[in-house]
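Chemist: Got a structure for you, input-v9.pdb, holding PDB, C-alpha atoms and all ligand atoms.
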ATOM      1  CA  MET S   1       0.000   0.000   0.000  1.00  0.00           C
ATOM      2  CA  LYS S   2       1.242   3.464  -0.837  1.00  0.00           C
ATOM      3  CA  ILE S   3       1.373   5.952   2.027  1.00  0.00           C
ATOM      4  CA  LYS S   4      -0.366   9.247   1.281  1.00  0.00           C
ATOM      5  CA  ASN S   5       1.634  12.455   0.944  1.00  0.00           C
ATOM      6  CA  LEU S   6       4.753  10.626  -0.213  1.00  0.00           C
ATOM      7  CA  GLN S   7       4.172  11.141  -3.912  1.00  0.00           C
ATOM      8  CA  SER S   8       7.628  12.612  -4.549  1.00  0.00           C
ATOM      9  CA  PHE S   9       9.269   9.615  -2.874  1.00  0.00           C
ATOM     10  CA  TYR S  10       7.288   7.160  -4.999  1.00  0.00           C
ATOM     11  CA  ALA S  11       8.015   9.182  -8.109  1.00  0.00           C
ATOM     12  CA  LEU S  12      11.745   8.883  -7.353  1.00  0.00           C
ATOM     13  CA  VAL S  13      11.430   5.130  -6.771  1.00  0.00           C
ATOM     14  CA  GLN S  14       9.575   4.764 -10.060  1.00  0.00           C
ATOM     15  CA  SER S  15      12.269   6.680 -11.941  1.00  0.00           C
ATOM     16  CA  LEU S  16      15.103   4.680 -10.367  1.00  0.00           C
ATOM     17  CA  GLU S  17      13.360   1.422 -11.205  1.00  0.00           C
ATOM     18  CA  LYS S  18      13.654   2.292 -14.871  1.00  0.00           C
ATOM     19  CA  LEU S  19      17.456   2.086 -14.677  1.00  0.00           C
ATOM     20  CA  PRO S  20      19.042  -1.075 -16.115  1.00  0.00           C
ATOM     21  CA  SER S  21      19.321  -3.914 -13.592  1.00  0.00           C
ATOM     22  CA  ILE S  22      17.554  -2.003 -10.786  1.00  0.00           C
ATOM     23  CA  GLY S  23      14.584  -3.788  -9.222  1.00  0.00           C
ATOM     24  CA  LYS S  24      11.898  -2.324  -6.976  1.00  0.00           C
ATOM     25  CA  LYS S  25      13.701  -3.156  -3.714  1.00  0.00           C
ATOM     26  CA  SER S  26      16.985  -1.606  -4.815  1.00  0.00           C
ATOM     27  CA  ALA S  27      15.107   1.438  -6.115  1.00  0.00           C
ATOM     28  CA  GLU S  28      13.406   1.914  -2.735  1.00  0.00           C
ATOM     29  CA  LYS S  29      16.712   1.552  -0.910  1.00  0.00           C
ATOM     30  CA  MET S  30      18.414   4.037  -3.216  1.00  0.00           C
ATOM     31  CA  ALA S  31      15.551   6.528  -2.940  1.00  0.00           C
ATOM     32  CA  TYR S  32      15.730   6.313   0.853  1.00  0.00           C
ATOM     33  CA  THR S  33      19.492   6.971   0.803  1.00  0.00           C
ATOM     34  CA  LEU S  34      19.188   9.855  -1.668  1.00  0.00           C
ATOM     35  CA  CYS S  35      16.371  11.802  -0.051  1.00  0.00           C
ATOM     36  CA  VAL S  36      16.517  10.831   3.636  1.00  0.00           C
ATOM     37  CA  GLU S  37      19.827   9.408   4.836  1.00  0.00           C
ATOM     38  CA  ASN S  38      22.215  11.369   2.633  1.00  0.00           C
ATOM     39  CA  LYS S  39      20.528  14.402   1.121  1.00  0.00           C
ATOM     40  CA  ILE S  40      23.895  15.942   0.138  1.00  0.00           C
ATOM     41  CA  LEU S  41      24.707  12.893  -1.961  1.00  0.00           C
ATOM     42  CA  GLY S  42      21.204  13.094  -3.452  1.00  0.00           C
ATOM     43  CA  LEU S  43      21.645  16.738  -4.432  1.00  0.00           C
ATOM     44  CA  ASN S  44      25.138  16.128  -5.809  1.00  0.00           C
ATOM     45  CA  ILE S  45      23.876  13.279  -7.961  1.00  0.00           C
ATOM     46  CA  ALA S  46      20.978  15.429  -9.166  1.00  0.00           C
ATOM     47  CA  LYS S  47      23.448  18.160 -10.151  1.00  0.00           C
ATOM     48  CA  SER S  48      25.796  15.702 -11.896  1.00  0.00           C
ATOM     49  CA  ILE S  49      22.913  14.205 -13.866  1.00  0.00           C
ATOM     50  CA  GLN S  50      21.735  17.645 -14.929  1.00  0.00           C
ATOM     51  CA  GLU S  51      25.228  18.670 -16.042  1.00  0.00           C
ATOM     52  CA  ALA S  52      26.032  15.403 -17.803  1.00  0.00           C
ATOM     53  CA  THR S  53      22.740  15.244 -19.664  1.00  0.00           C
ATOM     54  CA  SER S  54      23.162  18.781 -20.947  1.00  0.00           C
ATOM     55  CA  LYS S  55      26.872  18.500 -21.865  1.00  0.00           C
ATOM     56  CA  ILE S  56      27.443  14.968 -23.134  1.00  0.00           C
ATOM     57  CA  LYS S  57      26.784  14.233 -26.764  1.00  0.00           C
ATOM     58  CA  LYS S  58      27.989  11.826 -29.407  1.00  0.00           C
ATOM     59  CA  CYS S  59      31.186  12.720 -31.271  1.00  0.00           C
ATOM     60  CA  SER S  60      30.303  13.791 -34.808  1.00  0.00           C
ATOM     61  CA  LYS S  61      33.048  11.583 -36.274  1.00  0.00           C
ATOM     62  CA  CYS S  62      33.131   8.322 -34.327  1.00  0.00           C
ATOM     63  CA  GLY S  63      29.871   8.303 -32.349  1.00  0.00           C
ATOM     64  CA  GLY S  64      31.746   8.007 -29.034  1.00  0.00           C
ATOM     65  CA  LEU S  65      30.919  10.253 -26.109  1.00  0.00           C
ATOM     66  CA  SER S  66      32.250  13.774 -25.888  1.00  0.00           C
ATOM     67  CA  GLU S  67      31.511  17.190 -24.431  1.00  0.00           C
ATOM     68  CA  GLU S  68      32.813  18.717 -27.637  1.00  0.00           C
ATOM     69  CA  GLU S  69      31.764  18.333 -31.263  1.00  0.00           C
ATOM     70  CA  GLU S  70      34.726  16.006 -31.775  1.00  0.00           C
ATOM     71  CA  CYS S  71      36.057  13.654 -29.088  1.00  0.00           C
ATOM     72  CA  GLN S  72      39.609  13.635 -27.774  1.00  0.00           C
ATOM     73  CA  ILE S  73      40.540  10.406 -29.568  1.00  0.00           C
ATOM     74  CA  CYS S  74      39.346  11.705 -32.956  1.00  0.00           C
ATOM     75  CA  GLN S  75      41.351  14.900 -32.370  1.00  0.00           C
ATOM     76  CA  ASP S  76      44.513  13.005 -31.415  1.00  0.00           C
ATOM     77  CA  GLU S  77      46.741  12.667 -34.489  1.00  0.00           C
ATOM     78  CA  GLU S  78      49.065  10.272 -32.704  1.00  0.00           C
ATOM     79  CA  ARG S  79      46.244   7.774 -32.723  1.00  0.00           C
ATOM     80  CA  ALA S  80      46.105   7.638 -36.500  1.00  0.00           C
ATOM     81  CA  ASN S  81      48.103   4.371 -36.598  1.00  0.00           C
ATOM     82  CA  GLY S  82      46.107   2.833 -39.441  1.00  0.00           C
ATOM     83  CA  GLU S  83      43.837   0.797 -37.153  1.00  0.00           C
ATOM     84  CA  LEU S  84      40.116   1.343 -36.712  1.00  0.00           C
ATOM     85  CA  CYS S  85      38.205  -0.483 -34.006  1.00  0.00           C
ATOM     86  CA  ILE S  86      34.486  -0.880 -34.637  1.00  0.00           C
ATOM     87  CA  ILE S  87      32.409  -1.285 -31.502  1.00  0.00           C
ATOM     88  CA  ALA S  88      28.728  -1.795 -30.859  1.00  0.00           C
ATOM     89  CA  HIS S  89      28.246   0.822 -28.163  1.00  0.00           C
ATOM     90  CA  PRO S  90      29.835   4.158 -27.157  1.00  0.00           C
ATOM     91  CA  ARG S  91      30.589   2.792 -23.680  1.00  0.00           C
ATOM     92  CA  ASP S  92      32.774   0.050 -25.215  1.00  0.00           C
ATOM     93  CA  ILE S  93      35.377   2.725 -26.028  1.00  0.00           C
ATOM     94  CA  ALA S  94      36.073   3.333 -22.324  1.00  0.00           C
ATOM     95  CA  ILE S  95      36.222  -0.428 -21.717  1.00  0.00           C
ATOM     96  CA  ILE S  96      38.835  -0.966 -24.459  1.00  0.00           C
ATOM     97  CA  GLU S  97      40.757   2.170 -23.445  1.00  0.00           C
ATOM     98  CA  ASN S  98      41.065   0.730 -19.927  1.00  0.00           C
ATOM     99  CA  THR S  99      42.853  -2.347 -21.283  1.00  0.00           C
ATOM    100  CA  GLY S 100      45.497  -0.145 -22.962  1.00  0.00           C
ATOM    101  CA  SER S 101      45.663  -2.697 -25.821  1.00  0.00           C
ATOM    102  CA  PHE S 102      44.587  -0.387 -28.610  1.00  0.00           C
ATOM    103  CA  ARG S 103      46.100   2.873 -29.871  1.00  0.00           C
ATOM    104  CA  GLY S 104      44.070   3.515 -33.003  1.00  0.00           C
ATOM    105  CA  LYS S 105      40.739   5.155 -33.734  1.00  0.00           C
ATOM    106  CA  TYR S 106      37.189   4.008 -33.007  1.00  0.00           C
ATOM    107  CA  PHE S 107      33.860   3.952 -34.776  1.00  0.00           C
ATOM    108  CA  VAL S 108      30.536   3.115 -33.118  1.00  0.00           C
ATOM    109  CA  LEU S 109      28.226   0.934 -35.157  1.00  0.00           C
ATOM    110  CA  GLU S 110      25.135   0.161 -33.153  1.00  0.00           C
ATOM    111  CA  SER S 111      23.038  -1.802 -35.623  1.00  0.00           C
ATOM    112  CA  LEU S 112      22.661  -2.793 -39.225  1.00  0.00           C
ATOM    113  CA  GLU S 113      19.905  -0.214 -39.742  1.00  0.00           C
ATOM    114  CA  SER S 114      21.880   2.638 -38.248  1.00  0.00           C
ATOM    115  CA  VAL S 115      25.149   2.212 -40.173  1.00  0.00           C
ATOM    116  CA  ASP S 116      26.248   5.595 -41.488  1.00  0.00           C
ATOM    117  CA  PHE S 117      28.549   4.495 -44.318  1.00  0.00           C
ATOM    118  CA  GLU S 118      29.322   8.061 -45.314  1.00  0.00           C
ATOM    119  CA  SER S 119      30.839   8.836 -41.886  1.00  0.00           C
ATOM    120  CA  LEU S 120      32.531   5.441 -41.735  1.00  0.00           C
ATOM    121  CA  THR S 121      34.137   5.915 -45.160  1.00  0.00           C
ATOM    122  CA  SER S 122      35.370   9.432 -44.288  1.00  0.00           C
ATOM    123  CA  MET S 123      36.778   8.083 -41.031  1.00  0.00           C
ATOM    124  CA  ILE S 124      38.687   5.395 -42.978  1.00  0.00           C
ATOM    125  CA  LEU S 125      39.984   7.738 -45.685  1.00  0.00           C
ATOM    126  CA  ASP S 126      40.829  10.704 -43.404  1.00  0.00           C
ATOM    127  CA  ASN S 127      42.823   8.502 -41.042  1.00  0.00           C
ATOM    128  CA  LYS S 128      44.436   6.301 -43.723  1.00  0.00           C
ATOM    129  CA  ILE S 129      42.972   3.209 -42.060  1.00  0.00           C
ATOM    130  CA  LYS S 130      44.480  -0.114 -43.159  1.00  0.00           C
ATOM    131  CA  GLU S 131      42.982  -2.550 -40.655  1.00  0.00           C
ATOM    132  CA  VAL S 132      39.413  -2.652 -39.403  1.00  0.00           C
ATOM    133  CA  ILE S 133      38.999  -4.575 -36.137  1.00  0.00           C
ATOM    134  CA  PHE S 134      35.493  -5.610 -35.128  1.00  0.00           C
ATOM    135  CA  SER S 135      35.170  -5.706 -31.349  1.00  0.00           C
ATOM    136  CA  PHE S 136      31.782  -7.322 -30.986  1.00  0.00           C
ATOM    137  CA  SER S 137      30.743 -10.185 -28.781  1.00  0.00           C
ATOM    138  CA  PRO S 138      30.051 -13.280 -30.904  1.00  0.00           C
ATOM    139  CA  SER S 139      26.449 -13.634 -32.075  1.00  0.00           C
ATOM    140  CA  LEU S 140      24.715 -14.467 -35.346  1.00  0.00           C
ATOM    141  CA  ALA S 141      23.499 -10.879 -35.655  1.00  0.00           C
ATOM    142  CA  ASN S 142      27.022  -9.520 -35.183  1.00  0.00           C
ATOM    143  CA  ASP S 143      28.458 -12.003 -37.702  1.00  0.00           C
ATOM    144  CA  ALA S 144      25.907 -10.770 -40.219  1.00  0.00           C
ATOM    145  CA  LEU S 145      26.769  -7.163 -39.392  1.00  0.00           C
ATOM    146  CA  MET S 146      30.498  -7.787 -39.910  1.00  0.00           C
ATOM    147  CA  LEU S 147      29.912  -9.477 -43.287  1.00  0.00           C
ATOM    148  CA  PHE S 148      27.652  -6.649 -44.381  1.00  0.00           C
ATOM    149  CA  VAL S 149      30.145  -3.950 -43.427  1.00  0.00           C
ATOM    150  CA  GLU S 150      33.063  -5.850 -44.970  1.00  0.00           C
ATOM    151  CA  ASP S 151      31.105  -6.218 -48.182  1.00  0.00           C
ATOM    152  CA  ARG S 152      30.138  -2.544 -48.309  1.00  0.00           C
ATOM    153  CA  LEU S 153      33.758  -1.478 -47.757  1.00  0.00           C
ATOM    154  CA  SER S 154      35.230  -3.966 -50.223  1.00  0.00           C
ATOM    155  CA  ALA S 155      36.214  -1.216 -52.684  1.00  0.00           C
ATOM    156  CA  LEU S 156      38.684   0.197 -50.153  1.00  0.00           C
ATOM    157  CA  SER S 157      41.900  -1.747 -49.654  1.00  0.00           C
ATOM    158  CA  LEU S 158      41.470  -2.832 -46.058  1.00  0.00           C
ATOM    159  CA  SER S 159      42.181  -5.887 -43.979  1.00  0.00           C
ATOM    160  CA  PHE S 160      39.506  -7.030 -41.541  1.00  0.00           C
ATOM    161  CA  SER S 161      39.876  -8.812 -38.237  1.00  0.00           C
ATOM    162  CA  LYS S 162      37.776  -9.567 -35.199  1.00  0.00           C
ATOM    163  CA  ILE S 163      38.695  -9.954 -31.555  1.00  0.00           C
ATOM    164  CA  ALA S 164      39.624 -13.530 -30.772  1.00  0.00           C
ATOM    165  CA  GLN S 165      37.531 -16.374 -29.495  1.00  0.00           C
ATOM    166  CA  GLY S 166      37.218 -16.741 -25.756  1.00  0.00           C
ATOM    167  CA  ILE S 167      34.738 -13.907 -25.615  1.00  0.00           C
ATOM    168  CA  PRO S 168      31.451 -15.451 -24.478  1.00  0.00           C
ATOM    169  CA  THR S 169      28.517 -15.416 -26.881  1.00  0.00           C
ATOM    170  CA  GLY S 170      25.827 -12.767 -26.710  1.00  0.00           C
ATOM    171  CA  ILE S 171      27.104 -10.591 -23.860  1.00  0.00           C
ATOM    172  CA  GLY S 172      28.425  -7.044 -23.884  1.00  0.00           C
ATOM    173  CA  LEU S 173      32.114  -6.146 -23.637  1.00  0.00           C
ATOM    174  CA  ASP S 174      31.342  -4.650 -20.228  1.00  0.00           C
ATOM    175  CA  HIS S 175      30.960  -8.171 -18.842  1.00  0.00           C
ATOM    176  CA  ILE S 176      34.434  -9.263 -19.873  1.00  0.00           C
ATOM    177  CA  ASP S 177      37.407  -8.814 -17.567  1.00  0.00           C
ATOM    178  CA  GLN S 178      40.245  -6.567 -18.761  1.00  0.00           C
ATOM    179  CA  LEU S 179      42.804  -9.342 -19.141  1.00  0.00           C
ATOM    180  CA  SER S 180      40.536 -11.494 -21.323  1.00  0.00           C
ATOM    181  CA  LEU S 181      39.684  -8.483 -23.449  1.00  0.00           C
ATOM    182  CA  SER S 182      43.359  -7.573 -23.830  1.00  0.00           C
ATOM    183  CA  ARG S 183      44.132 -11.130 -24.920  1.00  0.00           C
ATOM    184  CA  ALA S 184      41.186 -11.168 -27.311  1.00  0.00           C
ATOM    185  CA  PHE S 185      42.566  -7.995 -28.858  1.00  0.00           C
ATOM    186  CA  GLU S 186      46.132  -9.206 -29.200  1.00  0.00           C
ATOM    187  CA  GLY S 187      44.987 -12.550 -30.578  1.00  0.00           C
ATOM    188  CA  ARG S 188      42.580 -10.996 -33.056  1.00  0.00           C
ATOM    189  CA  ILE S 189      41.924 -13.095 -36.129  1.00  0.00           C
ATOM    190  CA  LYS S 190      41.720 -12.161 -39.772  1.00  0.00           C
ATOM    191  CA  ILE S 191      38.323 -12.529 -41.368  1.00  0.00           C
TER     192      ILE S 191
HETATM  193 ZN    ZN P 201      35.305  10.730 -31.892  1.00  0.00          ZN
END
Please rewrite the model in this file as C-alpha cells.

Modeler:
Amino acid sequence: MKIKNLQSFYALVQSLEKLPSIGKKSAEKMAYTLCVENKILGLNIAKSIQEATSKIKKCSKCGGLSEEEECQICQDEERANGELCIIAHPRDIAIIENTGSFRGKYFVLESLESVDFESLTSMILDNKIKEVIFSFSPSLANDALMLFVEDRLSALSLSFSKIAQGIPTGIGLDHIDQLSLSRAFEGRIKI
C-alpha cells in the first residue's frame, strides 16, 4: 500500500526502477538513501545528472561520447596508426581504453539499420585506415553485421579482423574482464 503524501518519494522510486538492472527493492533503498539518509549525496547526484545530460553528446566523427563536437581520440593525431576499431556501443570505447591494448581510432556501429557508411568511409579515408577490427561479442546478428560492413567497404583496400575467441557469446564487452579483453585484442583473427 502506498502511504499518502509521499508522492515525490514514490516518483523517485519509479524513476530509479527504470534504470538497467535495478529492481523495486533496490530502487526503494536508493531513494531512501538519496532523499533521507544522505541528502547531500542526493543533491550532488541530481546536479551531476543535470550537467552530464546537458553537456554529453555523441562525437560527430566516431559516435563516441564527448563534451565537444569532436572527441579527444578523434582529435589526437598520434592515434592515426592505421587501425580502426568498430564497436557496438559508445561505452565500449572506455572499456577498451582501460585495457590499454589499442592505440588507433574508433567507430561506433550500433546496428545494421543505423550504419552511417558516409561517416565510416570518411573516417577510414581521413585517417588512412588499413585494418578494421570488429570488437563485438560473438552472435549471429554480429556475424551478419560484420559481413555486411566488410562487403560494403570492399572497394577500399582494407584488412579485416575480429577480436579472438574466448569472448562469451551474446554478452556485452562490459561483462568481460580486462585481461581477457586484452588477450582477445592481441589474438585478433583475420576474417
Ligand atoms: Zn570521436

Chemist: I want to know what sits within 10 Å of Ser157 (chain S), based on only C-alpha atoms, with residues of the same chain fewer than 5 positions away left out; could you give that as a list of chain:residue names?

Modeler: S:Ile129, S:Lys130, S:Glu131

Chemist: Within 10 Å of region 159-164 of chain S, counting all atoms listed in the file, which residues qualify if same-chain residues fewer than 2 places away don't, as a PyMOL selection string?

Modeler: chain S and resi 83-86+129-138+143+146+150+154+156-157+166-167+180-191

Chemist: Which chain S residues have any atom within 7 Å of an atom of ligand ZN 201 (chain P), and for each, what is the nearest pair of atoms with distance in Å to one decimal, counting only C-alpha atoms and all ligand atoms, rows sorted by chain and number, as JSON lines?

Modeler:
{"residue": "S:Cys59", "atom": "CA", "partner": "P:ZN201", "partner_atom": "ZN", "distance": 4.6}
{"residue": "S:Ser60", "atom": "CA", "partner": "P:ZN201", "partner_atom": "ZN", "distance": 6.5}
{"residue": "S:Lys61", "atom": "CA", "partner": "P:ZN201", "partner_atom": "ZN", "distance": 5.0}
{"residue": "S:Cys62", "atom": "CA", "partner": "P:ZN201", "partner_atom": "ZN", "distance": 4.1}
{"residue": "S:Gly63", "atom": "CA", "partner": "P:ZN201", "partner_atom": "ZN", "distance": 6.0}
{"residue": "S:Gly64", "atom": "CA", "partner": "P:ZN201", "partner_atom": "ZN", "distance": 5.3}
{"residue": "S:Glu70", "atom": "CA", "partner": "P:ZN201", "partner_atom": "ZN", "distance": 5.3}
{"residue": "S:Cys71", "atom": "CA", "partner": "P:ZN201", "partner_atom": "ZN", "distance": 4.1}
{"residue": "S:Gln72", "atom": "CA", "partner": "P:ZN201", "partner_atom": "ZN", "distance": 6.6}
{"residue": "S:Ile73", "atom": "CA", "partner": "P:ZN201", "partner_atom": "ZN", "distance": 5.7}
{"residue": "S:Cys74", "atom": "CA", "partner": "P:ZN201", "partner_atom": "ZN", "distance": 4.3}

Chemist: Please write as number ranges by chain the full residue list that the PyMOL selection byres (((chain S and resi 117) around 12) and not hetatm) yields on this file.

Modeler: S: 61-62, 107-109, 112-116, 118-125, 148-153

Chemist: CA of Glu68 (chain S) and CA of Ala46 (chain S) are how many Å apart?

Modeler: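 Result for CA of Glu68 (chain S) versus CA of Ala46 (chain S): 22.2 Å, one decimal.
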
Chemist: Is it possible to get the axis-aligned box enclosing region 156-159 of chain S (all listed atoms, 3 Å extra per side) as lines of an AutoDock Vina configuration file, with centre and edge lengths in Å rounded to one decimal?

Modeler:
center_x = 40.4
center_y = -2.8
center_z = -47.1
size_x = 9.5
size_y = 12.1
size_z = 12.2

Chemist: Applying the PyMOL selection byres (((chain S and resi 95-104) around 7) and not hetatm) to the file I just gave you, which residues come out? Please list them as a PyMOL selection string.

Modeler: chain S and resi 79-84+91-94+105-106+174+178+182+185

Chemist: What is the CA of Leu41 (chain S)-CA of Val13 (chain S) distance in Å, reported with one decimal?

Modeler: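 Straight-line distance from CA of Leu41 (chain S) to CA of Val13 (chain S) works out to 16.1 Å.
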
Chemist: Quick check, in Å to one decimal: how far apart do CA of Pro90 (chain S) and CA of Ile22 (chain S) lie?

Modeler: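 Distance reported for this atom pair: 21.4 Å.
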
Chemist: Considering only C-alpha atoms, can you say which of S:Ile40, S:Ser48, S:Gly172, S:Gly23 comes closest to Ser139 (chain S)?

Modeler: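 Looking only at the distances to Ser139 (chain S), the closest residue turns out to be S:Gly172.
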
Chemist: On this structure, which residues satisfy the PyMOL selection byres (((chain S and resi 27) around 10) and not hetatm), written as a PyMOL selection string?

Modeler: chain S and resi 10+12-19+22-26+28-33

Chemist: Keeping only C-alpha atoms, write the selected residues to a file as a compact mmCIF listing (two decimals), in the coordinates of the input.

Modeler:
# COMPACT_ATOMS: atom_id res chain seq x y z
CA TYR S 10 7.29 7.16 -5.00
CA LEU S 12 11.74 8.88 -7.35
CA VAL S 13 11.43 5.13 -6.77
CA GLN S 14 9.57 4.76 -10.06
CA SER S 15 12.27 6.68 -11.94
CA LEU S 16 15.10 4.68 -10.37
CA GLU S 17 13.36 1.42 -11.20
CA LYS S 18 13.65 2.29 -14.87
CA LEU S 19 17.46 2.09 -14.68
CA ILE S 22 17.55 -2.00 -10.79
CA GLY S 23 14.58 -3.79 -9.22
CA LYS S 24 11.90 -2.32 -6.98
CA LYS S 25 13.70 -3.16 -3.71
CA SER S 26 16.98 -1.61 -4.82
CA GLU S 28 13.41 1.91 -2.74
CA LYS S 29 16.71 1.55 -0.91
CA MET S 30 18.41 4.04 -3.22
CA ALA S 31 15.55 6.53 -2.94
CA TYR S 32 15.73 6.31 0.85
CA THR S 33 19.49 6.97 0.80

Chemist: Return region 56-72 of chain S, completed with N, CA, C and O atoms, as a PDB file, keeping the file's coordinate frame.

Modeler:
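Just written: result18.pdb:
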ATOM      1  N   ILE S  56      26.909  16.118 -22.394  1.00  0.00           N
ATOM      2  CA  ILE S  56      27.443  14.968 -23.134  1.00  0.00           C
ATOM      3  C   ILE S  56      26.661  14.698 -24.416  1.00  0.00           C
ATOM      4  O   ILE S  56      25.435  14.655 -24.418  1.00  0.00           O
ATOM      5  N   LYS S  57      27.420  14.576 -25.484  1.00  0.00           N
ATOM      6  CA  LYS S  57      26.784  14.233 -26.764  1.00  0.00           C
ATOM      7  C   LYS S  57      27.648  13.202 -27.477  1.00  0.00           C
ATOM      8  O   LYS S  57      28.714  12.836 -26.990  1.00  0.00           O
ATOM      9  N   LYS S  58      27.194  12.790 -28.641  1.00  0.00           N
ATOM     10  CA  LYS S  58      27.989  11.826 -29.407  1.00  0.00           C
ATOM     11  C   LYS S  58      28.935  12.573 -30.341  1.00  0.00           C
ATOM     12  O   LYS S  58      28.525  13.545 -30.994  1.00  0.00           O
ATOM     13  N   CYS S  59      30.184  12.117 -30.388  1.00  0.00           N
ATOM     14  CA  CYS S  59      31.186  12.720 -31.271  1.00  0.00           C
ATOM     15  C   CYS S  59      30.687  12.642 -32.716  1.00  0.00           C
ATOM     16  O   CYS S  59      30.189  11.605 -33.157  1.00  0.00           O
ATOM     17  N   SER S  60      30.845  13.748 -33.452  1.00  0.00           N
ATOM     18  CA  SER S  60      30.303  13.791 -34.808  1.00  0.00           C
ATOM     19  C   SER S  60      31.057  12.861 -35.765  1.00  0.00           C
ATOM     20  O   SER S  60      30.563  12.511 -36.819  1.00  0.00           O
ATOM     21  N   LYS S  61      32.275  12.454 -35.378  1.00  0.00           N
ATOM     22  CA  LYS S  61      33.048  11.583 -36.274  1.00  0.00           C
ATOM     23  C   LYS S  61      32.915  10.097 -35.945  1.00  0.00           C
ATOM     24  O   LYS S  61      32.714   9.288 -36.838  1.00  0.00           O
ATOM     25  N   CYS S  62      33.077   9.754 -34.658  1.00  0.00           N
ATOM     26  CA  CYS S  62      33.131   8.322 -34.327  1.00  0.00           C
ATOM     27  C   CYS S  62      31.881   7.820 -33.611  1.00  0.00           C
ATOM     28  O   CYS S  62      31.676   6.614 -33.498  1.00  0.00           O
ATOM     29  N   GLY S  63      31.060   8.735 -33.082  1.00  0.00           N
ATOM     30  CA  GLY S  63      29.871   8.303 -32.349  1.00  0.00           C
ATOM     31  C   GLY S  63      30.147   7.999 -30.886  1.00  0.00           C
ATOM     32  O   GLY S  63      29.262   7.602 -30.149  1.00  0.00           O
ATOM     33  N   GLY S  64      31.414   8.173 -30.457  1.00  0.00           N
ATOM     34  CA  GLY S  64      31.746   8.007 -29.034  1.00  0.00           C
ATOM     35  C   GLY S  64      31.244   9.200 -28.237  1.00  0.00           C
ATOM     36  O   GLY S  64      30.691  10.140 -28.812  1.00  0.00           O
ATOM     37  N   LEU S  65      31.434   9.158 -26.930  1.00  0.00           N
ATOM     38  CA  LEU S  65      30.919  10.253 -26.109  1.00  0.00           C
ATOM     39  C   LEU S  65      31.927  11.391 -26.013  1.00  0.00           C
ATOM     40  O   LEU S  65      33.126  11.172 -25.977  1.00  0.00           O
ATOM     41  N   SER S  66      31.380  12.607 -25.975  1.00  0.00           N
ATOM     42  CA  SER S  66      32.250  13.774 -25.888  1.00  0.00           C
ATOM     43  C   SER S  66      31.456  14.964 -25.379  1.00  0.00           C
ATOM     44  O   SER S  66      30.245  15.022 -25.518  1.00  0.00           O
ATOM     45  N   GLU S  67      32.178  15.940 -24.791  1.00  0.00           N
ATOM     46  CA  GLU S  67      31.511  17.190 -24.431  1.00  0.00           C
ATOM     47  C   GLU S  67      31.716  18.204 -25.548  1.00  0.00           C
ATOM     48  O   GLU S  67      31.161  19.288 -25.526  1.00  0.00           O
ATOM     49  N   GLU S  68      32.579  17.836 -26.493  1.00  0.00           N
ATOM     50  CA  GLU S  68      32.813  18.717 -27.637  1.00  0.00           C
ATOM     51  C   GLU S  68      32.253  18.055 -28.891  1.00  0.00           C
ATOM     52  O   GLU S  68      31.909  16.893 -28.889  1.00  0.00           O
ATOM     53  N   GLU S  69      32.244  18.833 -29.979  1.00  0.00           N
ATOM     54  CA  GLU S  69      31.764  18.333 -31.263  1.00  0.00           C
ATOM     55  C   GLU S  69      32.540  17.067 -31.672  1.00  0.00           C
ATOM     56  O   GLU S  69      31.987  16.099 -32.166  1.00  0.00           O
ATOM     57  N   GLU S  70      33.861  17.124 -31.408  1.00  0.00           N
ATOM     58  CA  GLU S  70      34.726  16.006 -31.775  1.00  0.00           C
ATOM     59  C   GLU S  70      35.431  15.497 -30.517  1.00  0.00           C
ATOM     60  O   GLU S  70      35.934  16.301 -29.731  1.00  0.00           O
ATOM     61  N   CYS S  71      35.476  14.186 -30.324  1.00  0.00           N
ATOM     62  CA  CYS S  71      36.057  13.654 -29.088  1.00  0.00           C
ATOM     63  C   CYS S  71      37.580  13.743 -29.106  1.00  0.00           C
ATOM     64  O   CYS S  71      38.204  13.967 -30.136  1.00  0.00           O
ATOM     65  N   GLN S  72      38.161  13.510 -27.941  1.00  0.00           N
ATOM     66  CA  GLN S  72      39.609  13.635 -27.774  1.00  0.00           C
ATOM     67  C   GLN S  72      40.364  12.636 -28.656  1.00  0.00           C
ATOM     68  O   GLN S  72      41.406  12.951 -29.221  1.00  0.00           O
TER      69      GLN S  72
END
